[in-house]
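As structure tokens, the structure follows; a few thoughts come after it.
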Amino acid sequence: MNFDIAFGQYCEGNSILHRLDPRAKIISALIFIVDIFIAKSVWAFLLLTVFSLMTAAASRIKARVILKGLRPIIFIMVFTGIVNIFWFKGERLLVDFWFIHIYLEGIINALLIMLRVILLLMGTSVILTYTTTPLSLTDGLEQLLSPLSKIKVPVHEFSLMMTIALRFIPTLVEETTKIMNAQKARGADFSEGSLVKRAKALVPILVPLFASAIRRADELAVAMECRCYRGGVGKTKMNVLKASLSDAACVLVFILLGVAVVLINKFASGFRIGI
Amino acid sequence: MVRAEGRATPENKNGNENEYIAEFRDVTFVYNKGVTYETKAVDSVNLKIRRGLITGIIGATGSGKSTLIQMLNGLIKPDSGEVLIDSENILSKDVKLKKIRFKVGLVMQYPEYQLFDETVESDIAFGPRNMGLSEEEIKRRVESGARFAGLDFSLLKKSPFDLSGGQKRRAAIAGVMAMEPELLVLDEPAAGLDPAARREILGKIRDYRKERGTSVVMVSHSMEDMARYCDRIVVMNQGRVCMDDTPPKVFGSSEELFSAGLDVPGITKVAYELQKLGIDIGRDIYTVKYAADMLCEKYGLKASAENF
Amino acid sequence: MSNTNKANEAYEKNEKNEITESKKAGGADIIKAENISFTYDGGGSEEKVEALKNISFSVKEGSFTAILGRNGSGKSTLAKLLCMVLTPDGGRLTVDGVDVTSDETTEEDIYEARKNVGMVFQNPDNQIVATIVEEDVAFGPENLGIEPAVIRRRVDEALDIVGMRKYARHSASRLSGGQKQRVAIAGTIAMRRRCIIFDESTAMLDPIGRREVMDSIVRLNRDEGITVIMITHYMDEASLADRVIVMDGGEIVMDGAPSEIFVRAEELWQCGLDVPQTTELLWRMRKAGLDVPLDAFGERECAEAIEKALEKAAKI
């Protein structure tokens with residue numbers, strides 16, 4: 001199995017977006033989400049779409065990869081789209097059959113809602129997951145949340161937990177495959193029989209897997225103690241995140257985008273999204 | 001001439017039809033198919049495994065030996081070619097893989113990590129129970145499996161998680177031996193054990209073959225162990241079989257072994273050095289006792305019969 | 001991989017022995033154990049297991065000691081005591097000047113000693129904390145609160161020493177076992193430790209991985225002057241050390257230079273250990289009445305010893 005959560009959806013690269021500070025990217029992504037949700041006017045959506053396409057181009061990630069990333073949400077998109085077509089009441093009636101009434105506005109509204117979902121996913125994945133490793137994401141989050149540790153929120157512990165989880169997922173996936181094969185070799189069958197029978201068949205996999213996870217955790221704890229770990233107090237970092245001018249500029253761009261969206265909402269005429 | 005210890009003569013009483021327990025016909029398996037770095041883990045392998053013998057498969061890491069043995073019970077399916085067990089193609093649609101897995105018992109690397117049940121006894125019974133045997137027969141098999149693997153009966157009622165490392169290894173091997181397969185396949189059965197435990201486990205496997213006549217295929221990194229316990233040696237290099245012969249022939253051809261990224265046992269090197277000094281006991285030396293016996297025979301000394 | 005390689009190793013080994021010999025003379029004790037013992041009290045129902053019985057020994061700074069013994073001989077318990085994961089029940093244990101067994105010793109003292117004495121474990125997967133190689137190497141120095149720029153330099157140096165610099169940005173889970181162990185070694189070097197304990201660190205590796213790790217260990221001791229204590233059951237690895245301690249049943253049964261230990265073939269067999277094949281051959285020839293020395297480890301030396309003895313016995 002060629003599965004590596006260490007890099008998650010991360011696409012190797014060296015674009016402007018790749019080089020930005022993870023904290024700037026996290027903040028920008030949050031602002032972008034807000035921008036999308038305050039957009040009402042169809043023109044605002046046009047602006048956001050153009051902007052998203054520009055960011056995608058700036059990330060230098062292949063269009064194929066981005067489109068592939070959208071595949072899992074096709075169903076949700078189509079579903080919400082269809083629901084909206086039937087529910088929305090407008091002025092220009094297109095279809096009037098028995099209890100089905102479809103309005104032109106309904107179709108436009110549905111399209112905008114689908115566009116909103118696409119923009120949400122595309123924007124956040126291009127800004128964050130495709131261009132940032134999970135590790136630096138964790139790092140960024142830890143530093144952004146570090147003020148919370150003053151009020152006794154275990155930010156460091158949480159971030160270490162994330163790091164270790166990321167580190168051990170590939171190991172455990174590999175181990176699961178191995179244990180499954182070993183039990184299959186002893187005649188175990190995971191694909192036949194009733195639901196209860198199949199659930200029972202999982203016991204020979206889950207018990208060794210848990211046993212091994214506990215053993216690993218135990219050994220890792222000893223290893224960490226031997227490496228002088230004693231919590232976040234007094235700990236330094238090799239890679240210190242340094243925000244540069246471009247990071248500030250990035251955040252500013254997304255704020256300005258929001259301002260533009262608000263202005264367009266206020267002054268532009270034309271269709272407005274219903275939900 | 002004196003032969004090395006414990007080497008039974010091949011027992012091929014059944015004639016040609018039944019001489020081979022397993023066969024690979026032009027088998028190829030590709031990893032990471034379609035990706036730029038796709039690699040042929042197993043590359044057009046033709047190989048016959050003899051019935052009733054211990055066949056050792058050696059090769060450097062990544063030579064494809066682990067992939068090859070996982071094909072014997074259908075855990076890995078080749079991209080092309082045929083795998084035959086008892087002259088039956090296990091890849092054909094009307095063959096039930098589950099049946100094949102009872103016939104070919106596979107012990108994976110570090111098998112102790114597969115133990116799961118409340119007691120050692122019920123864990124060993126897992127395989128036999130999946131075979132749908134009667135309770136009586138299961139009980140008999142658990143006991144015979146434990147005996148063959150050298151597991152003390154007093155441990156059967158314990159939790160497998162309370163055993164020591166070496167005992168866990170035995171319990172896991174017992175679980176496969178209890179299925180009484182016709183072909184027992186082991187991937188590095190002695191990995192990580194100390195020398196005494198190594199010798200004991202490998203000795204138990206040899207005894208099992210001797211008593212039950214089971215064919216055995218074994219993978220190991222230790223040339224010394226392979227030389228000592230195997231009747232035939234298959235050498236793999238970059239997914240291909242480059243040698244398939246008796247231990248003296250294989251360890252006698254050091255150049256081929258070196259080019260496969262392998263070494264010869266230390267004692268074989270001593271034989272080369274002796275030859276250079278004009279003391280010729282041949283180059284097909286692969287166990288210490290055999291070397292000592294040959295030297296003693298040649299120079300009229302009385303060889304010690306002790307064994308370790 | 002080849003004959004010549006092995007031979008080179010042997011020559012290097014001899015050279016190294018001379019160097020460490022001189023080092024030994026001036027070295028202070030980094031570890032000193034006096035009558036230490038340890039018992040596992042199996043938690044109620046289980047009977048108690050006396051893992052270590054009154055062990056005394058000391059390790060000089062800059063030396064390379066191998067501890068041999070079968071499973072259950074107490075060698076891994078000893079390793080846990082030396083890196084202060086466990087505390088002895090009785091006796092006195094001093095690590096890097098800190099008396100671990102004294103009541104006056106505080107957590108802080110132990111922490112100070114731990115800065116200098118580290119451990120590399122058996123399972124390479126269970127000691128790597130971070131996903132990316134260099135981040136993992138940096139974990140120790142980060143815990144010590146060292147300046148970021150200094151950590152950077154140390155991490156690069158440490159990765160150079162174990163030959164893993166080009167994997168610095170790689171994902172640790174994709175490395176081979178031998179490479180993972182070298183990352184773990186780099187993690188302890190980057191903390192500038194003076195003594196590293198290896199607890200069967202090669203047991204789970206294939207021959208190539210074992211060789212990579214052994215090369216790194218030898219280099220640490222020879223070039224960096226780091227004290228090495230290596231727990232193993234491989235004889236060929238122990239032969240690289242300048243001192244071998246053999247344990248059995250929770251006690252030290254032999255202690256000396258490899259050449260002094262390996263000739264005691266019968267005792268080693270009794271301890272569940274092996275001797276090199278060359279030694280076994282010489283031992284067998286000796287049993288057959290040939291007057292050969294037992295301490296010719298190299299294949300060529302072994303063959304020469306047999307030739308000489310046969311000549312002397314007027315057989316050739």
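In the structure tokens, each chain is lettered A, B, ... as it comes, each chain's residues begin at 1, and ligands are numbered from 1 in order of appearance.
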
Determine which residues of chain A sit within 8 Å of chain C, taking into account only C-alpha atoms, and present them as a ChimeraX atom specification.
/A:6,135,163-164,166-167,170-171,216-217,219-220,222-224,226-230,234-240

Output the selection as a CSV table (one decimal), in the first residue's frame - N, CA and C atoms for each residue.
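This is the output file part.csv:
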```csv
chain,number,residue,atom,x,y,z
A,6,ALA,N,1.8,11.5,5.9
A,6,ALA,CA,2.8,12.5,6.3
A,6,ALA,C,2.7,13.7,5.4
A,135,LEU,N,2.4,18.6,8.7
A,135,LEU,CA,3.3,19.0,9.8
A,135,LEU,C,3.4,20.5,10.1
A,163,THR,N,1.1,15.5,15.8
A,163,THR,CA,2.4,15.1,15.1
A,163,THR,C,2.6,13.6,15.2
A,164,ILE,N,2.4,13.1,16.4
A,164,ILE,CA,2.6,11.6,16.6
A,164,ILE,C,1.6,10.8,15.8
A,166,LEU,N,0.2,11.7,13.0
A,166,LEU,CA,0.6,11.8,11.6
A,166,LEU,C,1.7,10.8,11.3
A,167,ARG,N,2.6,10.7,12.3
A,167,ARG,CA,3.8,9.9,12.2
A,167,ARG,C,3.4,8.4,12.2
A,170,PRO,N,0.8,5.8,8.9
A,170,PRO,CA,1.3,4.9,7.9
A,170,PRO,C,1.8,3.6,8.5
A,171,THR,N,2.5,3.6,9.7
A,171,THR,CA,3.0,2.4,10.3
A,171,THR,C,1.8,1.5,10.7
A,216,ARG,N,3.6,0.0,21.2
A,216,ARG,CA,4.3,1.1,20.5
A,216,ARG,C,4.3,2.4,21.3
A,217,ALA,N,3.1,2.7,21.8
A,217,ALA,CA,2.9,3.9,22.6
A,217,ALA,C,3.8,3.9,23.9
A,219,GLU,N,6.6,2.1,24.3
A,219,GLU,CA,8.0,2.2,23.9
A,219,GLU,C,8.4,3.6,23.5
A,220,LEU,N,7.4,4.2,22.8
A,220,LEU,CA,7.7,5.6,22.3
A,220,LEU,C,7.8,6.6,23.5
A,222,VAL,N,8.9,5.8,26.5
A,222,VAL,CA,10.2,5.6,27.1
A,222,VAL,C,11.3,6.3,26.2
A,223,ALA,N,11.2,6.1,24.9
A,223,ALA,CA,12.1,6.7,24.0
A,223,ALA,C,12.1,8.2,24.1
A,224,MET,N,10.9,8.8,24.3
A,224,MET,CA,10.8,10.3,24.4
A,224,MET,C,11.4,10.8,25.7
A,226,CYS,N,13.9,9.3,27.3
A,226,CYS,CA,15.3,9.2,27.1
A,226,CYS,C,15.8,10.3,26.2
A,227,ARG,N,15.0,10.9,25.5
A,227,ARG,CA,15.5,12.0,24.6
A,227,ARG,C,15.1,13.3,25.3
A,228,CYS,N,15.0,13.3,26.6
A,228,CYS,CA,14.9,14.5,27.5
A,228,CYS,C,13.6,15.2,27.3
A,229,TYR,N,12.6,14.6,26.8
A,229,TYR,CA,11.3,15.3,26.7
A,229,TYR,C,10.7,15.5,28.0
A,230,ARG,N,10.2,16.7,28.3
A,230,ARG,CA,9.4,16.9,29.6
A,230,ARG,C,8.4,18.0,29.4
A,234,GLY,N,10.1,25.2,28.2
A,234,GLY,CA,11.6,25.3,28.0
A,234,GLY,C,12.0,24.7,26.7
A,235,LYS,N,11.0,24.3,25.9
A,235,LYS,CA,11.4,23.6,24.6
A,235,LYS,C,11.5,24.7,23.5
A,236,THR,N,12.5,24.5,22.7
A,236,THR,CA,12.7,25.4,21.6
A,236,THR,C,12.3,24.7,20.3
A,237,LYS,N,12.4,25.4,19.2
A,237,LYS,CA,12.1,24.8,17.9
A,237,LYS,C,13.2,25.1,16.9
A,238,MET,N,13.5,24.0,16.1
A,238,MET,CA,14.6,24.2,15.1
A,238,MET,C,14.1,25.2,14.0
A,239,ASN,N,12.9,24.9,13.5
A,239,ASN,CA,12.4,25.8,12.5
A,239,ASN,C,11.4,26.8,13.1
A,240,VAL,N,11.9,28.0,13.3
A,240,VAL,CA,11.0,29.0,13.9
A,240,VAL,C,10.3,29.7,12.7
```

Once DSSP has gone over the backbone, tell me which residues of range 46-221 of chain C are in alpha helix (DSSP H), as a VMD selection string.
chain C and resid 75 to 82 107 to 114 133 to 143 148 to 161 177 to 189 207 to 221

Please return, as a VMD selection string, all residues of range 194-274 of chain B that DSSP assigns to strand (DSSP E or B) on the basis of the backbone.
chain B and resid 215 to 219 232 to 237 240 to 245

Expected file contents, prior selection, N, CA and C atoms, as a compact mmCIF listing (two decimals), in the first residue's frame:
```txt
# COMPACT_ATOMS: atom_id res chain seq x y z
N SER B 215 6.44 -30.80 3.28
CA SER B 215 7.41 -30.01 2.52
C SER B 215 7.53 -28.65 3.19
N VAL B 216 8.73 -28.10 3.18
CA VAL B 216 8.94 -26.82 3.85
C VAL B 216 9.65 -25.84 2.90
N VAL B 217 9.16 -24.61 2.89
CA VAL B 217 9.87 -23.53 2.19
C VAL B 217 10.18 -22.47 3.23
N MET B 218 11.44 -22.02 3.25
CA MET B 218 11.86 -21.13 4.33
C MET B 218 12.70 -20.00 3.75
N VAL B 219 12.45 -18.78 4.22
CA VAL B 219 13.25 -17.64 3.79
C VAL B 219 14.11 -17.21 4.96
N ARG B 232 17.60 -27.96 -0.22
CA ARG B 232 17.80 -27.26 -1.49
C ARG B 232 17.80 -25.77 -1.24
N ILE B 233 18.52 -25.05 -2.06
CA ILE B 233 18.60 -23.61 -1.90
C ILE B 233 18.24 -22.94 -3.23
N VAL B 234 17.33 -21.96 -3.14
CA VAL B 234 16.98 -21.17 -4.30
C VAL B 234 17.54 -19.77 -4.06
N VAL B 235 18.29 -19.25 -5.02
CA VAL B 235 18.86 -17.91 -4.86
C VAL B 235 18.11 -16.94 -5.75
N MET B 236 17.63 -15.85 -5.16
CA MET B 236 16.92 -14.84 -5.95
C MET B 236 17.74 -13.58 -6.07
N ASN B 237 17.68 -12.98 -7.25
CA ASN B 237 18.40 -11.73 -7.48
C ASN B 237 17.52 -10.84 -8.35
N ARG B 240 14.49 -12.39 -10.02
CA ARG B 240 14.67 -13.60 -10.82
C ARG B 240 15.33 -14.69 -9.98
N VAL B 241 15.06 -15.94 -10.37
CA VAL B 241 15.74 -17.06 -9.73
C VAL B 241 17.07 -17.25 -10.44
N CYS B 242 18.19 -17.11 -9.71
CA CYS B 242 19.46 -17.27 -10.42
C CYS B 242 20.15 -18.57 -10.07
N MET B 243 19.71 -19.28 -9.02
CA MET B 243 20.25 -20.61 -8.74
C MET B 243 19.18 -21.43 -8.04
N ASP B 244 19.19 -22.73 -8.28
CA ASP B 244 18.26 -23.64 -7.63
C ASP B 244 18.97 -24.98 -7.56
N ASP B 245 19.60 -25.24 -6.41
CA ASP B 245 20.46 -26.42 -6.36
C ASP B 245 20.64 -26.89 -4.91
```

Which residues of chain A come within 10 Å of chain B, and what is each one's closest atom pair and distance in Å (one decimal), counting only C-alpha atoms, sorted by chain and residue number, as a tab-separated table?
```
residue	atom	partner	partner_atom	distance
A:Met1	CA	B:Asn32	CA	8.8
A:Asn2	CA	B:Asn32	CA	7.9
A:Glu175	CA	B:Tyr113	CA	9.3
A:Lys178	CA	B:Met108	CA	8.4
A:Ile179	CA	B:Gln114	CA	5.8
A:Met180	CA	B:Gln114	CA	8.7
A:Asn181	CA	B:Leu75	CA	6.8
A:Ala182	CA	B:Met108	CA	6.3
A:Gln183	CA	B:Gln114	CA	7.2
A:Lys184	CA	B:Arg101	CA	7.9
A:Ala185	CA	B:Arg101	CA	5.7
A:Arg186	CA	B:Gly127	CA	4.7
A:Gly187	CA	B:Asn130	CA	5.6
A:Ala188	CA	B:Asn130	CA	6.6
A:Asp189	CA	B:Lys98	CA	8.2
A:Val203	CA	B:Phe116	CA	7.8
A:Pro204	CA	B:Phe116	CA	5.6
A:Ile205	CA	B:Gln114	CA	7.7
A:Leu206	CA	B:Phe116	CA	8.4
A:Val207	CA	B:Phe116	CA	5.5
A:Pro208	CA	B:Phe116	CA	5.4
A:Leu209	CA	B:Tyr113	CA	8.2
A:Phe210	CA	B:Phe116	CA	9.9
A:Ala211	CA	B:Tyr113	CA	8.5
A:Ser212	CA	B:Tyr113	CA	7.3
```

Go ahead and save the picked residues with C-alpha atoms, as a tab-separated table (two decimals), in the first residue's frame.
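See out-v6.tsv below for the written result:
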```
chain	number	residue	atom	x	y	z
A	1	MET	CA	0.00	0.00	0.00
A	2	ASN	CA	1.42	3.31	-1.01
A	175	GLU	CA	0.64	-3.29	10.27
A	178	LYS	CA	0.23	-7.52	7.68
A	179	ILE	CA	-2.06	-8.82	10.44
A	180	MET	CA	-4.93	-9.28	7.98
A	181	ASN	CA	-2.69	-11.35	5.73
A	182	ALA	CA	-1.47	-13.43	8.64
A	183	GLN	CA	-5.03	-14.25	9.73
A	184	LYS	CA	-6.11	-14.90	6.15
A	185	ALA	CA	-3.27	-17.40	5.95
A	186	ARG	CA	-4.89	-19.16	8.92
A	187	GLY	CA	-8.18	-19.36	7.04
A	188	ALA	CA	-9.90	-16.24	8.38
A	189	ASP	CA	-12.60	-14.86	6.13
A	203	VAL	CA	-11.58	-9.52	16.42
A	204	PRO	CA	-8.43	-11.37	15.26
A	205	ILE	CA	-7.34	-8.16	13.54
A	206	LEU	CA	-8.35	-5.55	16.09
A	207	VAL	CA	-6.93	-7.28	19.17
A	208	PRO	CA	-3.37	-7.63	17.80
A	209	LEU	CA	-3.60	-4.15	16.31
A	210	PHE	CA	-4.57	-2.58	19.65
A	211	ALA	CA	-2.00	-4.66	21.51
A	212	SER	CA	0.65	-3.46	19.13
```

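The interface of chain C with chain B at 7 Å, considering only C-alpha atoms, consists of Met1, Ser2, Arg70, Asn71, Ala203, Met204, Asp206, Pro207, His233, Gly272, Leu273, Asp274, Gln277, Thr278, Glu280, Leu281, Arg284, Met285, Lys287, Ala288, Glu299, Arg300, Cys302, Ala303 and Lys315 of chain C.
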
Which residues are near range 36-44 of chain A? Cut-off 6 Å, only C-alpha atoms, ignore same chain within fewer than 4 positions. Put them as a list of chain:residue names.
A:Val261, A:Ile264, A:Asn265, A:Phe271, A:Arg272, A:Ile273

May I have the selected residues written with C-alpha atoms, as a JSON list (two decimals), in the first residue's frame?
```
[["chain", "number", "residue", "atom", "x", "y", "z"],
["A", 261, "VAL", "CA", -17.38, 41.48, -2.03],
["A", 264, "ILE", "CA", -20.35, 44.61, -4.86],
["A", 265, "ASN", "CA", -23.17, 43.19, -2.75],
["A", 271, "PHE", "CA", -29.29, 38.32, -9.26],
["A", 272, "ARG", "CA", -28.65, 37.57, -5.61],
["A", 273, "ILE", "CA", -28.22, 34.17, -4.08]]
```

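Between CA of Met177 in chain B and CA of Glu23 in chain B the interatomic distance comes to 21.8 Å.
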